[in-house]
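Source file: work29.txt; contents: compact mmCIF, C-alpha atoms.
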```
# COMPACT_ATOMS: atom_id res chain seq x y z
CA MET A 15 -59.90 -18.58 -10.68
CA LYS A 16 -56.51 -16.95 -10.29
CA LEU A 17 -57.62 -14.07 -12.54
CA LYS A 18 -60.76 -13.55 -10.46
CA ARG A 19 -58.66 -13.40 -7.29
CA VAL A 20 -56.40 -10.76 -8.87
CA TYR A 21 -59.43 -8.69 -9.83
CA ALA A 22 -60.85 -9.03 -6.32
CA LEU A 23 -57.58 -7.94 -4.69
CA ALA A 24 -57.32 -4.99 -7.10
CA ALA A 25 -60.88 -3.94 -6.25
CA VAL A 26 -60.15 -4.09 -2.49
CA ALA A 27 -56.95 -2.03 -2.93
CA LEU A 28 -58.84 0.58 -4.96
CA VAL A 29 -61.54 0.92 -2.30
CA LEU A 30 -58.97 1.24 0.50
CA GLY A 31 -56.95 3.80 -1.46
CA THR A 32 -60.05 5.87 -2.15
CA ASN A 33 -61.01 5.88 1.55
CA VAL A 34 -57.49 6.94 2.60
CA LEU A 35 -57.52 9.76 0.03
CA ARG A 36 -60.91 10.97 1.25
CA ALA A 37 -59.75 10.95 4.89
CA GLN A 38 -56.61 12.91 4.01
CA THR A 39 -58.65 15.47 2.03
CA HIS A 40 -61.07 15.96 4.96
CA SER A 41 -58.12 16.43 7.34
CA GLU A 42 -56.54 19.09 5.12
CA LEU A 43 -59.86 20.95 4.77
CA ALA A 44 -60.35 20.92 8.54
CA THR A 45 -56.85 22.32 9.06
CA THR A 46 -57.44 25.03 6.44
CA ASN A 47 -60.77 26.01 7.97
CA ALA A 48 -59.28 26.18 11.48
CA ALA A 49 -56.28 28.29 10.44
CA PRO A 50 -58.12 31.65 10.22
CA ASN A 51 -59.47 31.22 13.77
CA LEU A 52 -55.98 30.55 15.10
CA SER A 53 -54.62 33.55 13.22
CA LEU A 54 -57.43 35.78 14.48
CA SER A 55 -56.85 34.65 18.05
CA SER A 56 -53.15 35.37 17.72
CA GLU A 57 -53.81 38.84 16.32
CA THR A 58 -56.43 39.62 18.97
CA ASN A 59 -54.14 38.74 21.88
CA GLY A 60 -50.92 39.92 20.25
CA ILE A 61 -50.22 42.85 22.61
CA TRP A 62 -50.83 40.76 25.74
CA GLN A 63 -48.75 37.92 27.16
CA ASN A 64 -51.68 36.04 28.73
CA GLY A 65 -54.84 38.02 28.04
CA ILE A 66 -56.03 41.54 28.73
CA GLY A 67 -54.49 43.14 31.81
CA GLU A 68 -52.01 40.29 32.35
CA GLY A 69 -48.98 42.21 31.10
CA PHE A 70 -47.92 43.34 27.65
CA SER A 71 -46.02 41.22 25.15
CA PRO A 72 -42.35 42.12 24.56
CA GLY A 73 -42.07 44.67 21.79
CA ALA A 74 -45.72 45.83 21.94
CA HIS A 75 -46.16 49.42 20.75
CA ASP A 76 -48.63 52.20 21.53
CA ILE A 77 -49.55 55.70 20.41
CA THR A 78 -51.29 58.21 22.70
CA PHE A 79 -52.97 61.50 21.83
CA ALA A 80 -53.83 63.57 24.89
CA LEU A 81 -55.08 67.02 25.92
CA GLY A 82 -54.68 68.65 29.28
CA ALA A 83 -53.59 71.58 31.40
CA ASN A 84 -50.92 72.55 33.89
CA TYR A 85 -51.97 74.24 37.11
CA GLY A 86 -49.01 76.40 38.01
CA VAL A 87 -47.75 77.05 41.53
CA ALA A 88 -45.66 79.95 42.74
CA ALA A 89 -43.40 77.65 44.77
CA PHE A 90 -40.05 75.83 44.70
CA GLY A 91 -38.39 79.02 43.40
CA SER A 92 -41.11 80.21 41.00
CA ARG A 93 -42.39 83.74 41.60
CA GLU A 94 -45.50 83.33 39.42
CA ALA A 95 -48.08 80.60 38.82
CA HIS A 96 -47.90 79.58 35.15
CA HIS A 97 -51.11 78.03 33.81
CA LEU A 98 -50.75 76.11 30.54
CA ALA A 99 -52.96 74.37 27.95
CA ILE A 100 -51.19 71.32 26.49
CA ALA A 101 -51.58 68.83 23.61
CA SER A 102 -49.28 65.83 23.29
CA LEU A 103 -48.54 62.91 20.96
CA THR A 104 -46.55 59.98 22.41
CA TYR A 105 -45.03 56.79 21.02
CA GLY A 106 -44.36 53.89 23.40
CA HIS A 107 -42.43 50.60 23.15
CA MET A 108 -42.44 47.80 25.74
CA LEU A 109 -38.90 46.91 26.77
CA GLY A 110 -39.38 43.25 27.62
CA GLN A 111 -41.51 40.53 29.15
CA VAL A 112 -43.53 40.85 32.34
CA ILE A 113 -41.27 41.04 35.38
CA GLY A 114 -42.02 40.46 39.06
CA GLU A 115 -44.19 37.37 38.57
CA GLY A 116 -45.92 36.45 41.81
CA HIS A 117 -45.43 39.94 43.32
CA TRP A 118 -47.68 43.01 43.65
CA TYR A 119 -45.42 44.99 41.29
CA ARG A 120 -45.75 42.53 38.38
CA GLY A 121 -45.68 44.47 35.09
CA ASN A 122 -43.74 45.86 32.11
CA PRO A 123 -41.18 48.66 31.71
CA GLU A 124 -41.80 50.87 28.69
CA PHE A 125 -39.83 53.51 26.78
CA ARG A 126 -41.90 56.50 25.58
CA LEU A 127 -41.12 59.55 23.47
CA GLU A 128 -43.50 62.49 23.89
CA ALA A 129 -43.86 65.54 21.62
CA PHE A 130 -45.97 68.31 23.14
CA THR A 131 -47.06 71.85 22.39
CA GLY A 132 -49.50 74.46 23.68
CA ALA A 133 -49.76 77.90 25.21
CA GLN A 134 -49.48 79.63 28.53
CA PHE A 135 -52.77 81.47 29.16
CA SER A 136 -51.91 83.04 32.53
CA PRO A 137 -50.26 85.32 33.67
CA SER A 138 -49.63 86.12 29.96
CA VAL A 139 -50.16 84.38 26.63
CA GLU A 140 -46.98 82.64 25.40
CA TRP A 141 -46.11 79.59 23.24
CA PHE A 142 -44.12 76.44 23.96
CA VAL A 143 -43.11 73.19 22.28
CA GLY A 144 -41.06 70.29 23.63
CA LEU A 145 -39.76 66.74 23.35
CA THR A 146 -39.40 64.38 26.32
CA PRO A 147 -38.18 60.76 26.60
CA HIS A 148 -39.92 58.82 29.41
CA ILE A 149 -39.57 55.57 31.28
CA ARG A 150 -42.94 54.13 32.34
CA TYR A 151 -43.81 51.06 34.41
CA ASN A 152 -47.18 49.43 33.66
CA PHE A 153 -48.66 47.19 36.37
CA ALA A 154 -50.26 43.87 35.36
CA THR A 155 -53.51 43.76 37.35
CA GLY A 156 -55.40 41.10 35.40
CA THR A 157 -58.21 43.62 34.79
CA ARG A 158 -59.06 46.32 32.26
CA TRP A 159 -57.52 48.87 34.67
CA VAL A 160 -53.75 49.13 34.11
CA PRO A 161 -52.10 51.71 36.40
CA PHE A 162 -48.59 53.06 35.79
CA PHE A 163 -45.95 55.43 37.07
CA ASP A 164 -43.78 57.52 34.80
CA VAL A 165 -40.68 59.75 34.84
CA GLY A 166 -39.24 61.87 32.03
CA ALA A 167 -36.62 64.51 31.24
CA GLY A 168 -36.41 66.49 28.01
CA VAL A 169 -36.17 69.88 26.36
CA THR A 170 -38.59 72.75 25.78
CA ALA A 171 -38.56 75.87 23.60
CA THR A 172 -40.80 78.65 24.88
CA GLY A 173 -41.61 82.34 24.73
CA ILE A 174 -42.21 82.47 28.51
CA GLY A 175 -39.72 84.88 30.06
CA PRO A 176 -38.92 86.74 33.31
CA PRO A 177 -39.38 86.71 36.21
CA ASP A 178 -39.12 82.89 36.23
CA LEU A 179 -37.56 81.91 32.89
CA SER A 180 -35.15 83.48 30.43
CA GLY A 181 -34.02 82.42 26.98
CA THR A 182 -35.89 80.19 24.55
CA PHE A 183 -34.22 76.92 25.57
CA GLU A 184 -35.36 75.15 28.78
CA PHE A 185 -35.07 71.67 30.24
CA ASN A 186 -38.22 69.91 31.50
CA LEU A 187 -38.63 67.31 34.22
CA GLN A 188 -41.79 65.23 34.81
CA ALA A 189 -42.78 62.62 37.38
CA GLY A 190 -46.17 61.12 38.14
CA GLY A 191 -48.60 58.35 37.37
CA GLY A 192 -51.93 57.42 35.91
CA VAL A 193 -54.10 54.61 34.58
CA HIS A 194 -55.25 53.03 31.32
CA TYR A 195 -58.84 51.76 31.11
CA PHE A 196 -59.19 49.34 28.19
CA LEU A 197 -62.38 49.81 26.18
CA GLU A 198 -61.25 47.06 23.81
CA ASN A 199 -58.34 44.64 23.62
CA ASN A 200 -56.05 47.30 22.12
CA LEU A 201 -57.77 50.65 22.85
CA ALA A 202 -57.67 52.49 26.17
CA ILE A 203 -58.67 55.77 27.77
CA THR A 204 -55.57 57.13 29.51
CA LEU A 205 -55.57 59.52 32.45
CA ASP A 206 -52.39 60.77 34.10
CA ALA A 207 -51.20 63.48 36.47
CA HIS A 208 -47.61 64.55 37.05
CA TYR A 209 -45.41 67.21 38.54
CA THR A 210 -43.82 69.50 35.93
CA HIS A 211 -40.67 71.60 36.23
CA TRP A 212 -38.99 73.75 33.58
CA SER A 213 -35.70 75.59 33.98
CA CYS A 214 -32.49 76.19 32.03
CA ALA A 215 -30.01 74.80 34.60
CA GLY A 216 -28.40 78.23 35.02
CA ILE A 217 -27.58 78.77 31.31
CA HIS A 218 -29.49 82.06 31.47
CA LYS A 219 -30.62 84.36 34.26
CA PRO A 220 -33.19 84.49 35.84
CA ASN A 221 -33.62 80.77 36.39
CA ASN A 222 -36.31 80.55 39.07
CA GLY A 223 -38.15 77.87 37.11
CA LEU A 224 -41.73 77.02 36.18
CA ASN A 225 -43.53 74.54 38.44
CA GLY A 226 -46.97 72.99 38.44
CA VAL A 227 -49.22 69.95 38.39
CA THR A 228 -50.24 68.68 34.94
CA GLY A 229 -53.32 66.58 34.20
CA MET A 230 -53.79 64.85 30.81
CA LEU A 231 -56.67 62.84 29.32
CA GLY A 232 -56.20 60.89 26.10
CA MET A 233 -56.73 57.82 23.95
CA THR A 234 -54.06 55.13 23.56
CA PHE A 235 -53.97 52.65 20.68
CA PHE A 236 -51.80 49.52 21.19
CA PHE A 237 -50.40 47.39 18.36
```
Take the structure in the file and write it out as structure tokens.
Amino acid sequence: MKLKRVYALAAVALVLGTNVLRAQTHSELATTNAAPNLSLSSETNGIWQNGIGEGFSPGAHDITFALGANYGVAAFGSREAHHLAIASLTYGHMLGQVIGEGHWYRGNPEFRLEAFTGAQFSPSVEWFVGLTPHIRYNFATGTRWVPFFDVGAGVTATGIGPPDLSGTFEFNLQAGGGVHYFLENNLAITLDAHYTHWSCAGIHKPNNGLNGVTGMLGMTFFF
């Protein structure tokens, strides 16, 4: 009788152990199967703090390729209207978390570095190339439309000369704004317009300056 009881207890323990092992195995499989979905969700929303249009995550990056033109004005010292065709490539980096929570100006500051080139096509054909650091502020609207304002100051090398410029080296100043429209979570059409000024700060004469309004249309990839 004692031996039968031992066998019975052993059988019960074996059944219980098998059930526990099966439950643990099912739990591990469920965790493994769920992991890719969590990872995918994290990757999909990685550039946003709380979903598309709700502000960018700290450290998010972007690259923009854009084409556009500058409509020159013979004003603010310029004697001629300088019309330019422009291509640019820009790298951007978000400087921190969303600021201004609860206010209309909620958004992210961003550092950008723009390399641009192109040609003046009126009043004469001349070349130019430049590099400009920018500070941009992106508004968090909660929609696919993300407006921004932007200021920059950099350097330009150009063949444009008198009566408004002289010497190859010029400084450039830019100020304006625009908007991203997000086609996908991390891909946007970007449109911006800004005031442009080039001059050499008196290093050479004449130094009347080049002035105009620049419009750019491009694609921005965020990562």
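Between atom CA of A:Pro147 and atom CA of A:Leu231 there is a distance of 18.8 Å.
Considering the residues A:His107, A:His194, A:Arg126, A:Lys219 and counting only C-alpha atoms, A:His148 has its shortest atom-to-atom contact with A:Arg126.
For the pair atom CA of A:Val112 and atom CA of A:Ile77, the interatomic distance is 20.0 Å.
Atom CA of A:Ile100 lies 6.9 Å from atom CA of A:Phe130.
The nearest approach to A:Tyr85 among the residues A:Gly173, A:Gly192, A:Gly226, A:Gly106, with only C-alpha atoms taken into account, belongs to A:Gly226.
Minimum atom-to-atom distances from A:Ile61, A:Met230, A:Ala83, A:Val193 to A:Phe135 were compared using all atoms listed in the file, and the lowest value belongs to A:Ala83.
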> Closest to A:Val227 among A:Phe90, A:Tyr209, A:Phe142, A:Trp62, using only C-alpha atoms?
Replying inline: A:Tyr209
> Which residue gives the smallest distance to A:Thr204 among A:Ala89, A:Leu81, A:Ile66, A:Val165, with all atoms listed in the file counted?
Replying inline: A:Leu81
>> Give me the residues near A:Ala202 as an MDAnalysis selection string, where near means some atom within 7 Å (using all atoms listed in the file) and where sequence neighbours in that chain fewer than 6 positions away do not count.
In response: chainID A and resid 194:196 233:235
Would you give the centre and edge lengths, in Å to one decimal, of a box along x, y and z around the listed atoms of stretch 93-107 of chain A, with 4 Å added to each side, as JSON?
```
{"center_x": -47.7, "center_y": 67.2, "center_z": 31.3, "size_x": 18.6, "size_y": 41.1, "size_z": 28.6}
```
